[in-house]
Amino acid sequence: MRQKAMFIVPYALWIILFVIAPLVLIFYQSFFNINGQLTLNNYAEYLTSGVYLKMTLNSVWYAFLITLVTLVISYPTAYVLNRLPNKQFWLLLVILPTWINLLLKTYAFIGLFSRTGTINGFLQFMGLGSHQLLFTDTSFMFVAAYIEIPFMVLPIFNNLAEINPSLINASYDLGATHWQTFRRVIWPLSMPGVKAGIQAVFIPSLSLFMITRLIGGNRVITLGTAIEEHFLTTQNWGMGSTIGVVLIIAMFIIMFMTGDKKQKGGRH
Amino acid sequence: MKKQRWSWGKAYLALVFVILYAPILYLVVFSFSSGQTMEKYHGFSWQHYADLLADTRMITIVINTLLVAFLASLLATIIGTLGALAIKDARRPWKNSLLSLNNVLMVSPDVIIGASFLIFFTMLGVRLGFVSVLLSHIAFCIPIVVLMVLPKLNEMSPTLVDAAYDLGASRWQVLSLVVLPSIAPGIFAGYFMAFTYSLDDFAVTFFVTGNGFSTLSVEIYSRARQGINLEINALSTLMFIVSLLLVIGYYLISKRGGRRTRIVAVKEGDAQ
C-alpha cells in the first residue's frame with residue numbers, strides 16, 4: 001500500500017503546484033490593481049470601458065473566422081484522405097508539419113508575403129500587381145488557419161474512419177444519392193470529430209499572440225495579445241489576469257458547447 | 001463517373017499538400033541561397049550554414065533548448081508514468097477528477113499557462129531562467145505522457161498481473177517485469193511527444209524565461225521581429241531534418257507497440 005502512495009506523491013504534487021495553484025493565482029491576481037491593492041476595479045474597467053469588450057468581441061470574431069476557414073479546408077481533406085489506400089501514411093504527411101517549430105512556419109510567411117516576396121512576384125507575373133500582404137487581417141487569418149489545419153483534419157479523419165461502412169452501403173441500397181448519403185449519414189456521424197476539431201482550433205485562436213505580432217503587425221489584438229502585453233510590457237498583471245479569467249471562461253463555454261457527452265462516460 | 005470524382009478529390013488533396021509544404025520547402029530552398037533575403041534565389045551556397053555554426057550565441061541556445069527538452073521530457077515521463085499508474089488504480093470518483101485535472105494543462109491556452117506560471121514563480125521567488133523554464137516544461141509535458149501511457153495500461157490484460165502474483169512475484173517484480181514492459185511503447189511514445197512539445201514550445205517559455213536565458217523558439221521570435229535573416233533558414237532546415245528523424249522514430253516505436261498489443265490481444269482471446 002505504501003508503494004502505491006509513493007507513486008502518487010510526485011504526480012499529486014504536480015497537480016497541486018502546477019495545475020491548481022497557477023489557476024488559483026491567476027484568479028487571485030485579477031483582484032489586484034497595478035499598485036498591489038485589493039480591488040474589483042479590473043473587472044469594472046473590463047466591463048465598462050468599451051475598449052476591452054470590443055477587443056474581446058473582435059478576438060472571438062477572428063477566432064470564429066479562423067475556425068471556419070480551417071474547417072472548410074480540413075473537412076474535405078479528411079474526407080478524401082479517408083478513402084485513399086495507405087491512408088495512414090497520407091495522414092502522417094498531413095500531421096508532419098505540426099512537428100516543425102511553429103515559429104519557423106510563421107517566419108516562412110514573413111518572406112512569402114513580403115512586399116517583394118514570392119507571392120507578390122507571382123501576382124505581378126499574373127498581371128495582378130503587387131499588394132501589401134504582410135500585416136493585414138487576411139494574412140493573419142491565412143497563417144493561423146495554415147497552422148491549425150492538421151489539428152482539424154486529425155479528429156475529423158479519425159471520426160470518419162470509425163464510421164461503419166455498412167451504414168453508408170445501407171444508405172445507397174435504400175436509394176440515397178451521394179449527396180443525400182453525405183448529408184444524412186456521413187455528416188451527422190462525423191459531428192463528434194468536427195466538434196473536437198473546432199475545440200482544438202477555436203481556443204488556441206483566441207489566445208494566439210505570436211502570429212498577431214509577426215504577421216498581423218499588431219492590427220489584430222486577440223485576448224492572448226492583450227494578456228501578453230499586460231504581463232510583459234505594461235506590467236499590469238492584475239488587468240492581464242482579469243483578461244486571463246475571461247479567456248478561461250470563454251474556454252469553458254466553448255468546451256461546454258462542443259463537449260461530447262459520451263466521452264465523459266469513460267471510453268476506457 | 002466515379003473516376004472523375006476521385007480525381008477531383010485527389011487534385012484537392014494535392015493542393016492542400018502544396019499549401020502545407022510550400023512554406024517549409026521555401027525556407028529550405030532559401031537556406032542555400034547566397035543572397036541575404038528571401039526574395040530572389042542567388043545561387044547555391046553553404047554560407048548561411050557556416051554563419052550558423054560560427055554563431056556561438058545560437059549554438060549555446062540550441063544546446064540549452066536540447067538540454068531543457070531532454071531533461072523535461074525525461075522527468076515528465078517518470079512522473080507521468082507514475083501518475084498513469086496511480087490513475088489506473090484510483091477508485092471511480094477520484095479517477096474522473098484526476099483525469100480532468102490532468103487534462104487542464106492540455107486544454108488551457110498557452111498564454112494562460114505562461115501567465116499563471118509567471119505569477120507562481122514570482123510569488124515563490126524562483127529566479128526566471130533555466131530553472132523556471134525547465135519546471136514549466138516538465139509541468140506541461142506530464143499530462144501528455146499520462147495520456148500516452150494510460151491507454152496502454154488499460155489495454156493490458158489484468159489476468160497478466162494476477163498470474164504474476166499467483167506465481168509468487170512481489171509488487172516490485174510485477175511492476176518491473178510485467179507492467180512496465182507491456183506499457184513500454186506508451187512510455188516511449190510519451191517521451192517522444194514530450195520531447196517535441198518541449199522543443200516547440202514558444203508561448204509558455206516566452207513568459208517564464210528571464211533576460212539571460214533563451215530557447216530556440218524565443219530566439220527565432222526576437223530575430224524574426226527584426227526581419228529576414230537567412231541564418232534562420234539554415235537553422236530551420238536542420239530542425240526540419242531533426243523533426244523528420246523524430247517522426248520516423250516515433251512511427252517505428254508506435255508500429256512496434258502496435259504489434260505487441262496485437263500479441264497481447266491474441267493472448268486475451270485465447271484465454272477466453
# chains A, B, ... in the order shown; residues from 1 in each chain; ligands from 1
>>> residues_around(residues="stretch 232-234 of chain A", least_positions_apart="2", cutoff="12 Å", atoms="only C-alpha atoms", output="CSV table (one decimal) with N, CA, C and O atoms, in the first residue's frame")
chain,number,residue,atom,x,y,z
A,34,ILE,N,-2.5,47.7,-10.3
A,34,ILE,CA,-1.1,47.8,-10.6
A,34,ILE,C,-0.3,48.1,-9.4
A,34,ILE,O,0.9,47.8,-9.3
A,224,GLY,N,-5.1,36.8,-26.3
A,224,GLY,CA,-3.7,36.4,-26.0
A,224,GLY,C,-2.8,37.5,-26.1
A,224,GLY,O,-1.9,37.7,-25.2
A,225,THR,N,-2.9,38.4,-27.1
A,225,THR,CA,-2.0,39.5,-27.3
A,225,THR,C,-2.2,40.5,-26.1
A,225,THR,O,-1.2,41.0,-25.6
A,226,ALA,N,-3.4,40.7,-25.7
A,226,ALA,CA,-3.7,41.6,-24.6
A,226,ALA,C,-3.1,41.1,-23.3
A,226,ALA,O,-2.5,41.9,-22.6
A,227,ILE,N,-3.2,39.8,-23.1
A,227,ILE,CA,-2.6,39.2,-21.9
A,227,ILE,C,-1.1,39.4,-21.9
A,227,ILE,O,-0.5,39.8,-20.9
A,228,GLU,N,-0.5,39.0,-23.0
A,228,GLU,CA,1.0,39.1,-23.1
A,228,GLU,C,1.4,40.6,-22.9
A,228,GLU,O,2.4,40.8,-22.2
A,229,GLU,N,0.7,41.5,-23.5
A,229,GLU,CA,1.1,42.9,-23.3
A,229,GLU,C,1.0,43.4,-21.9
A,229,GLU,O,1.9,44.0,-21.4
A,230,HIS,N,-0.1,43.0,-21.2
A,230,HIS,CA,-0.3,43.4,-19.8
A,230,HIS,C,0.8,42.8,-18.9
A,230,HIS,O,1.2,43.4,-17.9
A,236,ASN,N,1.0,45.3,-16.0
A,236,ASN,CA,-0.2,45.4,-15.2
A,236,ASN,C,-0.8,44.0,-15.1
A,236,ASN,O,-1.7,43.6,-15.8
A,237,TRP,N,-0.2,43.3,-14.2
A,237,TRP,CA,-0.6,41.9,-14.0
A,237,TRP,C,-2.1,41.7,-13.7
A,237,TRP,O,-2.7,40.7,-14.1
A,238,GLY,N,-2.6,42.6,-12.9
A,238,GLY,CA,-4.0,42.5,-12.4
A,238,GLY,C,-4.9,42.5,-13.6
A,238,GLY,O,-5.8,41.6,-13.8
A,239,MET,N,-4.8,43.5,-14.5
A,239,MET,CA,-5.7,43.5,-15.7
A,239,MET,C,-5.4,42.3,-16.6
A,239,MET,O,-6.3,41.7,-17.1
A,240,GLY,N,-4.1,42.0,-16.7
A,240,GLY,CA,-3.8,40.8,-17.5
A,240,GLY,C,-4.5,39.6,-17.0
A,240,GLY,O,-5.0,38.8,-17.8
B,111,VAL,N,-1.0,31.0,-23.3
B,111,VAL,CA,-0.8,32.3,-22.6
B,111,VAL,C,-1.2,32.2,-21.2
B,111,VAL,O,-0.6,32.7,-20.3
B,114,GLY,N,1.4,30.2,-19.4
B,114,GLY,CA,2.6,31.1,-19.2
B,114,GLY,C,2.4,32.1,-18.2
B,114,GLY,O,3.2,32.3,-17.3
B,115,ALA,N,1.2,32.9,-18.3
B,115,ALA,CA,1.0,33.9,-17.3
B,115,ALA,C,0.9,33.4,-15.9
B,115,ALA,O,1.4,34.0,-15.0
B,118,LEU,N,4.1,32.4,-14.5
B,118,LEU,CA,4.9,33.6,-14.2
B,118,LEU,C,4.5,34.1,-12.8
B,118,LEU,O,5.4,34.4,-12.0
B,119,ILE,N,3.2,34.2,-12.5
B,119,ILE,CA,2.8,34.7,-11.2
B,119,ILE,C,3.3,33.7,-10.2
B,119,ILE,O,3.9,34.1,-9.1
B,206,PHE,N,8.2,31.9,-23.4
B,206,PHE,CA,8.3,33.3,-23.6
B,206,PHE,C,7.9,34.1,-22.3
B,206,PHE,O,8.5,35.1,-22.0
B,207,PHE,N,6.9,33.5,-21.6
B,207,PHE,CA,6.5,34.2,-20.3
B,207,PHE,C,7.5,34.0,-19.2
B,207,PHE,O,7.8,34.9,-18.4
B,208,VAL,N,8.0,32.7,-19.1
B,208,VAL,CA,8.8,32.4,-17.9
B,208,VAL,C,10.3,32.5,-18.1
B,208,VAL,O,11.1,32.2,-17.1
B,209,THR,N,10.8,32.8,-19.3
B,209,THR,CA,12.2,33.0,-19.4
B,209,THR,C,12.6,34.4,-19.1
B,209,THR,O,11.9,35.3,-19.4
B,210,GLY,N,13.7,34.5,-18.4
B,210,GLY,CA,14.1,35.9,-18.0
B,210,GLY,C,14.9,36.5,-19.1
B,210,GLY,O,14.7,36.2,-20.2
B,211,ASN,N,15.8,37.4,-18.7
B,211,ASN,CA,16.6,38.1,-19.7
B,211,ASN,C,17.8,37.2,-20.1
B,211,ASN,O,18.2,37.3,-21.3
>>> residues_around(residues="A:Val51", least_positions_apart="6", cutoff="12 Å", atoms="only C-alpha atoms", output="list of chain:residue names")
A:Glu45, A:Leu57, A:Asn58, A:Ile221, A:Ala226
>>> write_last_selection(atoms="C-alpha atoms", output="PDB file, in the first residue's frame")
ATOM      1  CA  GLU A  45     -12.906  48.518 -16.088  1.00  0.00           C
ATOM      2  CA  LEU A  57     -15.629  40.547 -29.364  1.00  0.00           C
ATOM      3  CA  ASN A  58     -13.029  41.183 -32.027  1.00  0.00           C
ATOM      4  CA  ILE A 221      -5.481  42.294 -30.860  1.00  0.00           C
ATOM      5  CA  ALA A 226      -3.710  41.597 -24.612  1.00  0.00           C
TER       6      ALA A 226
END
>>> interface_residues(of="chain A", to="chain B", cutoff="8 Å", atoms="only C-alpha atoms", output="number ranges by chain")
A: 4, 7-8, 10-12, 14-15, 18-19, 21-23, 25-26, 77, 80-81, 94, 96-97, 99-105, 107-112, 116-118, 146, 203-204, 207, 210, 214, 224, 227-228, 231-232, 241, 244, 248, 251, 268
>>> select_by_dssp(residues="stretch 30-151 of chain B", states="helix (DSSP H, G or I)", output="PyMOL selection string")
chain B and resi 30-31+47-54+56-89+92-107+110-124+130-151
>>> atom_distance(atom1="atom CA of A:Thr56", atom2="atom CA of A:Ser205")
12.3 Å
>>> residues_around(residues="B:Gly212", least_positions_apart="5", cutoff="10 Å", atoms="only C-alpha atoms", output="JSON, numbers by chain")
{"B": [128, 129, 130]}
>>> write_last_selection(atoms="N, CA, C and O atoms", output="tab-separated table (two decimals), in the first residue's frame")
chain	number	residue	atom	x	y	z
B	128	LEU	N	13.76	33.78	-12.70
B	128	LEU	CA	13.40	33.39	-14.05
B	128	LEU	C	14.66	33.04	-14.83
B	128	LEU	O	15.63	33.78	-14.81
B	129	GLY	N	14.63	31.92	-15.51
B	129	GLY	CA	15.80	31.47	-16.24
B	129	GLY	C	15.70	29.98	-16.49
B	129	GLY	O	14.59	29.46	-16.68
B	130	PHE	N	16.82	29.31	-16.46
B	130	PHE	CA	16.83	27.87	-16.76
B	130	PHE	C	15.85	27.09	-15.90
B	130	PHE	O	15.05	26.31	-16.40
>>> closest_residue(among="B:Leu230, B:Met156, B:Asp166, B:Leu134", to="B:Asn64", atoms="only C-alpha atoms")
B:Leu134
>>> residues_around(residues="stretch 157-165 of chain A", least_positions_apart="4", cutoff="7 Å", atoms="only C-alpha atoms", output="list of chain:residue names")
A:Ala78, A:Tyr79, A:Asn82, A:Val153, A:Asn169, A:Ser190, A:Gly193
>>> closest_residue(among="A:Leu154, A:Ile253, A:Val246, A:Pro76", to="A:Tyr52", atoms="only C-alpha atoms")
A:Val246
